[in-house]
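First comes the structure, then the notes that go with it.
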Amino acid sequence: MPVTKGKAATSNVTNNNAVTDRVEKVKKSASPAKAKSAAKAKTAITKSKTNDCDPCDTLAATFERQFHSALCRDELAVNDMYSALATTVKSQLLPQWRDTRVKDNQYQQKQVAYLSLEFLMGRTLGNALLSLDLTEETRHALTDYSAQLETLQEAELDAGLGNGGLGRLAACFLDSCASLDLSVVGYGIRYEYGMFKQKLVDGYQVEQPDRWLREGNPWEVRMANHAITVPFFGHTESYVDPQGHRHYVWTDTQDVKAVPHDMPVPGFRNGRINTLRLWKAEATDDFDLAEFNDGDYTEAVARKNLAEQITMVLYPNDASENGKELRLRQQYFLSSASLQDILQRYVGVHGLDFSCFSELNVMQLNDTHPSIAVPEMMRLLMDSYGLGWDEAWDITSKSVAYTNHTLLPEALERWPVRMLTNMLPRILEIIYEINARYLEDVAHHWPGDNDKLAGMSIIEEGPEPHIRMAYLAIVASFSVNGVAGLHTELLKKGLFKDFYQLWPQKFNNKTNGVTPRRWLAHCNPRLAKLLNRRLGDKWVTDLTQLTALNAFTDDKAFMKQWQQVKYDNKVDLAKLVLEECDVAFDPDMMFDVQVKRIHEYKRQLLNIMHVIHLYQRIVAGDTVGLHPRCVLIGGKAAPGYAMAKQIIKLANNVAHMVNSDPVVTPYLRFAFLPNYNVSAMEKICPGTDLSEQISTAGKEASGTGNMKFMMNGAMTIGTLDGANIEMLEEVGEENFFLFGMNAEQVSQLKTNYNPQQFIQQSTALNQVLLMLKSGHFNLVEPGIFDSIIHAIEDPFDQWMIAADFEAYKVAQDKVSQAYADKQHWTRMSIRNTAASGRFSSDNTISAYRDEIWLTK
């Protein structure tokens, strides 16, 4: 033993000497900053500290050890320093994280599981430092290494776990749950690749892999001992036990292992650290070694590859049969793994007595994607835990709640029966049984109405029968909520009218919100400091306190400070646009921004057409009343969405003509920002003057980007759609640029829509279309925008671009007039921030807590 110990000590000395030599080498060849860092590392080596993190240590001491560990690389890079800092901050979270788990596993309060296929978390470091109140301490610790916190934050890749508003909402909700001290676990998928990285080539969107995990994820903890087995394929068998009860067995399955990777979700300075549990798919066996040795390499690894494909890519293109099948596998994989985890945790505390399960647990389904959790919950309770149908249904129907996020019928998922027959045979049997029993209730409510039975059936009959997943979620859930006042009313009167008549008590509204921690305190530190000086810092957890800002709308000193904050933020945004788009935005011009998923109903096309109108005016010398503006559009189009991709191409072609004309650029500049994501939005919303929320009325469920802009003092130009309506109620029409038809007018016009009538009535619209048709923006690409022109002139254009264009133009004229009066605009900006308290996700989650989850 002494010899072994001596060898180990010698080895350690040798390793330390080697690292010390490398430090000296770095010092000689490096810049003064690197030399200083290397010297600091040498001191760490001399102290002979270990690389293990002790949570009791100070942040600086822990970072010193992590920094020492990073020197195992030949050259220190920013990524290495970021990784060391992230690991350091995570170590500061660990004691509170463990305490939270212990407390929650004792069921001291009701447990909430938030199931979502998307969690658009963004970067973790800055948010964690803010929540732990470690930002300034970290800055101080980094001064010894000549490193800037902002530089290290930029090294973190956005977690590619979501697409747009749905995923970002889920992230905001997790933040609020933790900050409100609620026991909530987020369940999602650990996608190896995110949605995609958007690159522009000749103005066209080109999708590239978004391998956000290429540098690893220092925030996650792999929990291999909590792995779950998820079955696919196979067939079902049944038998009758001696007591006469029939039992079902799902056999000959192809099993996939779901391995959880946990990420911390810190509450705001309250000691609670909730968990986002992300499932990674792995094969139960690596591969058939005998087949491999026999030379059949492809077959040997086929099953392993098939399993791991499940969590490879966020939202595979479902235009193909394989894509549809993979999306269904993802949804079932998430639902089964999560429910098994929930049930195992419950049984670990309460045993097989499920009588109080629904009193202690609730599963919130974030949109239709995880609705297959309903039959899976039934399967687990019956087949794995031996409950009868009635008992299992009573538990399921009292534990599941459903949030709907869309008014577009085509967005409600439907899965072919044949696909479930092959992939999930036991699940399909349960769905048919649920449907048969539920239709008895429908028949009692509408006796003899076969059309009603067919229309409300979970099974949509036809040449190719489908499962209506939204219907399944509604039937099983004790709560069905919309996400804005108008959205919920339209669900009750339209999309789910029959269900509302059958179960009016189920339906309720919970208007979305966004977390003020990330979307004001973190992303806009200049404004946060100004607010802290005038109001104190309690607004971070009680955003309604911002109403006190209304008292400062005539305070000239405060208004000047407000203007300076906005200007400095615009300088930062201009730098981003220059780096990403090679377009020079002038901070003295108005910044007019529309960033969101590219979709026809969001009407980026309407915005582009207005840019063309401004371009025509400027070229013609008509600049009276036209305040100079920079227009920014950003967002991704789904890979299979041809029209959305054409809109991106049009935006880029128009931007080229605008930005290359020296007559135009003093008044107008236009850019399309590629690869829009959460981190980009953190720079965009603080520097925005005008927020474009211009969807066709009745199409946007809620919107959350509109709230982020409002919170940061941007004015909104928008329609009476989604949460715009409630924003208008809060801030008043005098501080909001309203235009266009309402949802009822859109519905009425749809039956007899004639776009030519609107084109003839609007000189501006007619001129825009003439310029598009002339090929001015596609001189060397004839005909590429014909599909867009046809869509505008199509009587069946459900987005009604032509009908709203003139009203939009008039509202934009009012924007120019208002912005020309700097003091007036500043007052409006302050009032928008002051009125944003209603749209904190803390308020939304408080409503979920009190009215749906019924937890403390």
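Every chain in the structure tokens has a letter given in the order shown (A, B, ...), and although residue numbers restart at 1 in each chain, ligands are simply numbered from 1 in the order shown.
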Quick one: residues within 12 Å of A:Ala835, only C-alpha atoms, excluding same-chain residues fewer than 3 positions away - as a CSV table (one decimal) with all heavy atoms, in the first residue's frame?
```
chain,number,residue,atom,x,y,z
A,543,LEU,N,-44.6,42.7,-10.9
A,543,LEU,CA,-44.5,43.6,-12.0
A,543,LEU,C,-45.6,44.7,-12.0
A,543,LEU,O,-45.4,45.7,-12.7
A,543,LEU,CB,-44.5,42.9,-13.3
A,543,LEU,CG,-43.9,43.6,-14.5
A,543,LEU,CD1,-42.4,43.8,-14.3
A,543,LEU,CD2,-44.1,42.8,-15.8
A,544,THR,N,-46.7,44.5,-11.3
A,544,THR,CA,-47.7,45.5,-11.2
A,544,THR,C,-47.2,46.8,-10.5
A,544,THR,O,-47.8,47.9,-10.7
A,544,THR,CB,-48.9,45.0,-10.4
A,544,THR,OG1,-48.5,44.7,-9.0
A,544,THR,CG2,-49.5,43.8,-11.0
A,545,GLN,N,-46.0,46.7,-9.8
A,545,GLN,CA,-45.5,47.9,-9.2
A,545,GLN,C,-45.0,48.9,-10.3
A,545,GLN,O,-44.7,50.1,-10.0
A,545,GLN,CB,-44.3,47.6,-8.3
A,545,GLN,CG,-44.8,46.8,-7.1
A,545,GLN,CD,-43.7,46.8,-6.0
A,545,GLN,OE1,-42.7,47.5,-6.0
A,545,GLN,NE2,-43.9,45.9,-5.0
A,546,LEU,N,-44.9,48.5,-11.5
A,546,LEU,CA,-44.4,49.4,-12.6
A,546,LEU,C,-45.5,50.5,-12.9
A,546,LEU,O,-45.2,51.4,-13.6
A,546,LEU,CB,-44.1,48.6,-13.9
A,546,LEU,CG,-42.9,47.7,-13.8
A,546,LEU,CD1,-42.7,47.0,-15.2
A,546,LEU,CD2,-41.7,48.4,-13.4
A,547,THR,N,-46.7,50.3,-12.4
A,547,THR,CA,-47.7,51.3,-12.6
A,547,THR,C,-47.3,52.7,-12.0
A,547,THR,O,-47.7,53.7,-12.5
A,547,THR,CB,-49.0,50.9,-12.0
A,547,THR,OG1,-48.9,50.6,-10.6
A,547,THR,CG2,-49.6,49.7,-12.7
A,548,ALA,N,-46.4,52.6,-11.1
A,548,ALA,CA,-45.8,53.8,-10.4
A,548,ALA,C,-45.1,54.7,-11.4
A,548,ALA,O,-44.8,55.9,-11.2
A,548,ALA,CB,-44.9,53.5,-9.2
A,549,LEU,N,-44.7,54.1,-12.6
A,549,LEU,CA,-44.0,54.9,-13.6
A,549,LEU,C,-44.8,56.0,-14.2
A,549,LEU,O,-44.3,57.0,-14.7
A,549,LEU,CB,-43.5,54.0,-14.7
A,549,LEU,CG,-42.3,53.0,-14.4
A,549,LEU,CD1,-42.1,52.1,-15.6
A,549,LEU,CD2,-41.1,53.8,-14.1
A,550,ASN,N,-46.1,55.8,-14.1
A,550,ASN,CA,-47.0,56.9,-14.7
A,550,ASN,C,-46.8,58.2,-14.0
A,550,ASN,O,-47.1,59.3,-14.6
A,550,ASN,CB,-48.5,56.4,-14.6
A,550,ASN,CG,-48.8,55.3,-15.5
A,550,ASN,OD1,-48.4,55.3,-16.7
A,550,ASN,ND2,-49.5,54.3,-15.0
A,707,MET,N,-45.7,41.0,-25.6
A,707,MET,CA,-45.6,41.4,-24.2
A,707,MET,C,-44.1,41.8,-23.9
A,707,MET,O,-43.9,42.7,-23.1
A,707,MET,CB,-46.0,40.2,-23.3
A,707,MET,CG,-47.4,39.8,-23.6
A,707,MET,SD,-47.8,38.2,-22.7
A,707,MET,CE,-49.4,37.9,-23.4
A,709,PHE,N,-41.9,43.1,-25.9
A,709,PHE,CA,-41.7,44.5,-26.4
A,709,PHE,C,-42.4,45.5,-25.5
A,709,PHE,O,-41.8,46.6,-25.2
A,709,PHE,CB,-42.2,44.6,-27.8
A,709,PHE,CG,-41.3,43.9,-28.8
A,709,PHE,CD1,-41.8,42.8,-29.6
A,709,PHE,CD2,-40.1,44.3,-29.1
A,709,PHE,CE1,-41.0,42.2,-30.5
A,709,PHE,CE2,-39.2,43.7,-30.0
A,709,PHE,CZ,-39.7,42.6,-30.8
A,710,MET,N,-43.6,45.3,-25.1
A,710,MET,CA,-44.3,46.2,-24.3
A,710,MET,C,-43.6,46.5,-23.0
A,710,MET,O,-43.4,47.6,-22.5
A,710,MET,CB,-45.7,45.7,-24.0
A,710,MET,CG,-46.6,46.6,-23.2
A,710,MET,SD,-48.1,45.8,-22.7
A,710,MET,CE,-49.1,47.2,-22.2
A,711,MET,N,-43.1,45.4,-22.4
A,711,MET,CA,-42.4,45.5,-21.1
A,711,MET,C,-41.1,46.4,-21.2
A,711,MET,O,-40.8,47.0,-20.2
A,711,MET,CB,-42.0,44.1,-20.7
A,711,MET,CG,-41.8,43.8,-19.2
A,711,MET,SD,-41.6,42.1,-18.9
A,711,MET,CE,-43.3,41.5,-18.9
A,712,ASN,N,-40.5,46.4,-22.4
A,712,ASN,CA,-39.3,47.1,-22.6
A,712,ASN,C,-39.6,48.5,-23.2
A,712,ASN,O,-38.6,49.1,-23.8
A,712,ASN,CB,-38.3,46.3,-23.4
A,712,ASN,CG,-37.7,45.2,-22.6
A,712,ASN,OD1,-36.6,45.4,-22.0
A,712,ASN,ND2,-38.3,44.0,-22.6
A,713,GLY,N,-40.8,49.0,-23.2
A,713,GLY,CA,-41.1,50.3,-23.6
A,713,GLY,C,-41.3,50.5,-25.1
A,713,GLY,O,-41.3,51.7,-25.6
A,714,ALA,N,-41.6,49.5,-25.9
A,714,ALA,CA,-41.9,49.6,-27.3
A,714,ALA,C,-43.4,49.9,-27.5
A,714,ALA,O,-44.2,49.4,-26.7
A,714,ALA,CB,-41.4,48.4,-28.1
A,715,MET,N,-43.7,50.7,-28.5
A,715,MET,CA,-45.1,50.8,-28.9
A,715,MET,C,-45.5,49.7,-29.8
A,715,MET,O,-44.7,49.1,-30.5
A,715,MET,CB,-45.3,52.1,-29.6
A,715,MET,CG,-46.1,53.1,-28.8
A,715,MET,SD,-45.3,53.5,-27.3
A,715,MET,CE,-43.8,54.3,-27.8
A,726,GLU,N,-56.0,42.6,-24.8
A,726,GLU,CA,-55.8,42.9,-23.4
A,726,GLU,C,-54.7,43.9,-23.1
A,726,GLU,O,-54.8,44.7,-22.2
A,726,GLU,CB,-55.5,41.5,-22.6
A,726,GLU,CG,-56.7,40.7,-22.5
A,726,GLU,CD,-56.5,39.2,-22.6
A,726,GLU,OE1,-56.2,38.7,-23.7
A,726,GLU,OE2,-56.5,38.5,-21.6
A,727,MET,N,-53.7,43.9,-24.0
A,727,MET,CA,-52.7,44.9,-23.9
A,727,MET,C,-53.3,46.3,-24.2
A,727,MET,O,-53.0,47.3,-23.5
A,727,MET,CB,-51.6,44.6,-24.9
A,727,MET,CG,-50.7,43.5,-24.6
A,727,MET,SD,-49.6,42.9,-25.9
A,727,MET,CE,-48.7,44.4,-26.3
A,728,LEU,N,-54.2,46.4,-25.2
A,728,LEU,CA,-54.9,47.6,-25.5
A,728,LEU,C,-55.7,48.1,-24.3
A,728,LEU,O,-55.7,49.3,-24.0
A,728,LEU,CB,-55.7,47.4,-26.7
A,728,LEU,CG,-56.5,48.6,-27.2
A,728,LEU,CD1,-55.6,49.7,-27.7
A,728,LEU,CD2,-57.4,48.2,-28.4
A,729,GLU,N,-56.4,47.2,-23.7
A,729,GLU,CA,-57.2,47.5,-22.5
A,729,GLU,C,-56.3,48.1,-21.4
A,729,GLU,O,-56.7,49.1,-20.7
A,729,GLU,CB,-57.9,46.2,-21.9
A,729,GLU,CG,-59.0,45.7,-22.8
A,729,GLU,CD,-59.5,44.3,-22.3
A,729,GLU,OE1,-58.9,43.8,-21.3
A,729,GLU,OE2,-60.4,43.8,-22.9
A,730,GLU,N,-55.1,47.6,-21.2
A,730,GLU,CA,-54.2,48.1,-20.1
A,730,GLU,C,-53.6,49.4,-20.4
A,730,GLU,O,-53.6,50.3,-19.6
A,730,GLU,CB,-53.1,47.1,-19.9
A,730,GLU,CG,-53.6,45.7,-19.3
A,730,GLU,CD,-54.3,45.9,-17.9
A,730,GLU,OE1,-53.6,46.5,-17.0
A,730,GLU,OE2,-55.4,45.5,-17.7
A,731,VAL,N,-53.2,49.6,-21.7
A,731,VAL,CA,-52.4,50.8,-22.0
A,731,VAL,C,-53.2,51.9,-22.6
A,731,VAL,O,-52.8,53.1,-22.5
A,731,VAL,CB,-51.2,50.5,-22.9
A,731,VAL,CG1,-51.7,50.3,-24.4
A,731,VAL,CG2,-50.1,51.5,-22.8
A,732,GLY,N,-54.4,51.6,-23.1
A,732,GLY,CA,-55.3,52.6,-23.7
A,732,GLY,C,-55.0,52.9,-25.2
A,732,GLY,O,-53.9,52.7,-25.6
A,735,ASN,N,-52.1,55.0,-26.6
A,735,ASN,CA,-50.7,54.5,-26.5
A,735,ASN,C,-50.6,53.2,-27.3
A,735,ASN,O,-49.7,52.4,-27.0
A,735,ASN,CB,-50.3,54.3,-25.0
A,735,ASN,CG,-50.4,55.6,-24.3
A,735,ASN,OD1,-49.7,56.5,-24.6
A,735,ASN,ND2,-51.3,55.6,-23.2
A,736,PHE,N,-51.4,53.0,-28.3
A,736,PHE,CA,-51.4,51.8,-29.1
A,736,PHE,C,-51.8,52.1,-30.5
A,736,PHE,O,-52.8,52.9,-30.6
A,736,PHE,CB,-52.4,50.8,-28.4
A,736,PHE,CG,-52.3,49.4,-29.0
A,736,PHE,CD1,-51.7,48.3,-28.2
A,736,PHE,CD2,-52.9,49.1,-30.2
A,736,PHE,CE1,-51.7,47.0,-28.7
A,736,PHE,CE2,-52.9,47.8,-30.7
A,736,PHE,CZ,-52.3,46.8,-29.9
A,828,MET,N,-45.4,57.8,-24.2
A,828,MET,CA,-46.1,56.6,-24.6
A,828,MET,C,-45.3,55.4,-24.2
A,828,MET,O,-45.8,54.3,-23.8
A,828,MET,CB,-46.3,56.6,-26.1
A,828,MET,CG,-47.3,57.7,-26.5
A,828,MET,SD,-47.3,57.9,-28.3
A,828,MET,CE,-48.1,56.3,-28.8
A,829,SER,N,-44.0,55.5,-24.4
A,829,SER,CA,-43.1,54.4,-24.1
A,829,SER,C,-43.1,54.0,-22.6
A,829,SER,O,-43.3,52.9,-22.2
A,829,SER,CB,-41.6,54.7,-24.5
A,829,SER,OG,-40.7,53.7,-24.1
A,830,ILE,N,-43.0,55.1,-21.7
A,830,ILE,CA,-43.1,54.8,-20.3
A,830,ILE,C,-44.4,54.2,-19.9
A,830,ILE,O,-44.5,53.3,-19.1
A,830,ILE,CB,-42.9,56.2,-19.6
A,830,ILE,CG1,-41.5,56.7,-19.8
A,830,ILE,CG2,-43.2,56.0,-18.1
A,830,ILE,CD1,-41.2,58.1,-19.3
A,831,ARG,N,-45.5,54.7,-20.5
A,831,ARG,CA,-46.8,54.2,-20.2
A,831,ARG,C,-47.0,52.7,-20.6
A,831,ARG,O,-47.7,51.9,-19.9
A,831,ARG,CB,-47.9,55.0,-20.8
A,831,ARG,CG,-48.1,56.4,-20.1
A,831,ARG,CD,-48.9,57.4,-21.0
A,831,ARG,NE,-49.0,58.7,-20.3
A,831,ARG,CZ,-49.2,59.8,-21.0
A,831,ARG,NH1,-49.4,59.8,-22.3
A,831,ARG,NH2,-49.3,61.0,-20.4
A,832,ASN,N,-46.4,52.3,-21.7
A,832,ASN,CA,-46.4,50.9,-22.1
A,832,ASN,C,-45.7,50.0,-21.1
A,832,ASN,O,-46.3,49.0,-20.7
A,832,ASN,CB,-45.8,50.7,-23.5
A,832,ASN,CG,-46.8,50.8,-24.6
A,832,ASN,OD1,-47.4,49.8,-25.0
A,832,ASN,ND2,-47.1,52.1,-25.0
A,838,ARG,N,-49.7,43.3,-16.0
A,838,ARG,CA,-50.7,42.2,-16.1
A,838,ARG,C,-50.1,41.0,-16.9
A,838,ARG,O,-50.6,39.9,-16.8
A,838,ARG,CB,-51.9,42.8,-16.9
A,838,ARG,CG,-53.0,41.8,-17.2
A,838,ARG,CD,-54.1,42.5,-17.9
A,838,ARG,NE,-55.2,41.6,-18.3
A,838,ARG,CZ,-56.3,42.0,-19.0
A,838,ARG,NH1,-56.5,43.3,-19.1
A,838,ARG,NH2,-57.2,41.1,-19.4
A,839,PHE,N,-49.0,41.2,-17.7
A,839,PHE,CA,-48.5,40.2,-18.6
A,839,PHE,C,-47.2,39.5,-18.1
A,839,PHE,O,-46.5,38.9,-18.8
A,839,PHE,CB,-48.3,40.8,-20.0
A,839,PHE,CG,-49.5,41.5,-20.5
A,839,PHE,CD1,-49.7,42.9,-20.5
A,839,PHE,CD2,-50.6,40.7,-20.8
A,839,PHE,CE1,-50.8,43.5,-20.9
A,839,PHE,CE2,-51.8,41.3,-21.2
A,839,PHE,CZ,-51.9,42.7,-21.3
A,840,SER,N,-47.0,39.6,-16.8
A,840,SER,CA,-46.0,38.8,-16.1
A,840,SER,C,-46.5,37.4,-16.1
A,840,SER,O,-47.6,37.1,-15.7
A,840,SER,CB,-45.7,39.3,-14.7
A,840,SER,OG,-44.9,38.4,-14.0
```
Original post:
Of the residues A:Asp498, A:His245, A:Gly635, A:Asn778, which is the one nearest to A:Asp451, using only C-alpha atoms?
Top reply: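 Among the listed residues, the smallest separation from A:Asp451 belongs to A:Asp498.
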Original post:
Quick one: residues within 7 Å of stretch 681-693 of chain A, only C-alpha atoms counted, chain neighbours fewer than 3 positions away excluded, as a list in words?
Top reply: Cys523, Asn524, Lys566, Asn569, Lys570, Leu573, Met590, Phe591, Asp592, Val593, Gln594, Asn677, Val678, Asn706, Lys708, Phe709, Asn712, Ala714, Met715, Thr716, Ile717, Gly718 and Thr719 of chain A
Original post:
Could you pull the residues within 9 Å of stretch 360-372 of chain A, counting only C-alpha atoms, minus those fewer than 3 positions along the same chain, as a PyMOL selection string?
Top reply: chain A and resi 107+109-118+166+170+328+331-332+334-336+339+342+346+356-357+375-377+398-406+412-413+427+469-470+472-473+852-853+855
Original post:
Mind pulling up the distance from atom CA of A:Trp799 to atom CA of A:Thr696?
Top reply: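 It comes out at 5.7 Å.
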**OP:** Between A:Gly323, A:His824, A:Val185, A:Phe196, single out the one closest to A:Val265, counting only C-alpha atoms.
**Re:**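 Nearest candidate to A:Val265 out of A:Gly323, A:His824, A:Val185, A:Phe196: A:Val185.
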Closest pair table for stretch 198-278 of chain A residues within 10 Å of stretch 143-156 of chain A, only C-alpha atoms, as CSV:
```
residue,atom,partner,partner_atom,distance
A:Trp212,CA,A:Glu156,CA,9.3
A:Glu215,CA,A:Glu156,CA,9.2
A:Asn217,CA,A:Glu156,CA,9.2
A:Pro218,CA,A:Glu156,CA,9.9
```
Written selection (N, CA, C and O atoms) as a PDB file, in the first residue's frame:
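Okay, out34.pdb is ready:
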```pdb
ATOM      1  N   TRP A 212     -26.571  22.012 -30.987  1.00  0.00           N
ATOM      2  CA  TRP A 212     -26.335  22.863 -29.829  1.00  0.00           C
ATOM      3  C   TRP A 212     -25.557  22.142 -28.731  1.00  0.00           C
ATOM      4  O   TRP A 212     -24.989  22.784 -27.844  1.00  0.00           O
ATOM      5  N   GLU A 215     -20.608  21.207 -27.842  1.00  0.00           N
ATOM      6  CA  GLU A 215     -19.632  21.496 -26.793  1.00  0.00           C
ATOM      7  C   GLU A 215     -20.046  20.896 -25.452  1.00  0.00           C
ATOM      8  O   GLU A 215     -19.442  21.172 -24.419  1.00  0.00           O
ATOM      9  N   ASN A 217     -23.166  20.098 -22.485  1.00  0.00           N
ATOM     10  CA  ASN A 217     -24.070  20.972 -21.732  1.00  0.00           C
ATOM     11  C   ASN A 217     -23.687  20.920 -20.265  1.00  0.00           C
ATOM     12  O   ASN A 217     -24.051  19.975 -19.552  1.00  0.00           O
ATOM     13  N   PRO A 218     -22.926  21.895 -19.803  1.00  0.00           N
ATOM     14  CA  PRO A 218     -22.449  21.847 -18.410  1.00  0.00           C
ATOM     15  C   PRO A 218     -23.552  21.960 -17.376  1.00  0.00           C
ATOM     16  O   PRO A 218     -23.316  21.698 -16.187  1.00  0.00           O
TER      17      PRO A 218
END
```
For A:Phe672: contacts at 6 Å, only C-alpha atoms, fewer than 5 positions along chain excluded, given as a CSV table (one decimal) with all heavy atoms, in the first residue's frame:
```csv
chain,number,residue,atom,x,y,z
A,632,LEU,N,-36.8,45.8,-39.2
A,632,LEU,CA,-36.1,44.5,-39.0
A,632,LEU,C,-37.1,43.4,-39.0
A,632,LEU,O,-38.1,43.5,-38.2
A,632,LEU,CB,-35.3,44.6,-37.7
A,632,LEU,CG,-34.5,43.3,-37.4
A,632,LEU,CD1,-33.4,43.1,-38.4
A,632,LEU,CD2,-34.0,43.4,-35.9
A,633,ILE,N,-36.9,42.4,-39.8
A,633,ILE,CA,-37.8,41.2,-39.7
A,633,ILE,C,-36.9,40.0,-39.4
A,633,ILE,O,-35.8,39.9,-40.0
A,633,ILE,CB,-38.6,41.0,-41.0
A,633,ILE,CG1,-39.6,42.1,-41.2
A,633,ILE,CG2,-39.3,39.6,-41.0
A,633,ILE,CD1,-40.4,42.0,-42.5
A,634,GLY,N,-37.3,39.1,-38.6
A,634,GLY,CA,-36.6,37.9,-38.4
A,634,GLY,C,-37.5,36.7,-38.0
A,634,GLY,O,-38.6,36.9,-37.5
```
**OP:** For each of A:Phe173, A:Phe119, A:Tyr187, A:Trp539, take the minimum atom-to-atom distance to A:Ala159, counting only C-alpha atoms, then give the residue where this is smallest.
**Re:**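 Among A:Phe173, A:Phe119, A:Tyr187, A:Trp539, it is A:Phe119 that comes nearest to A:Ala159.
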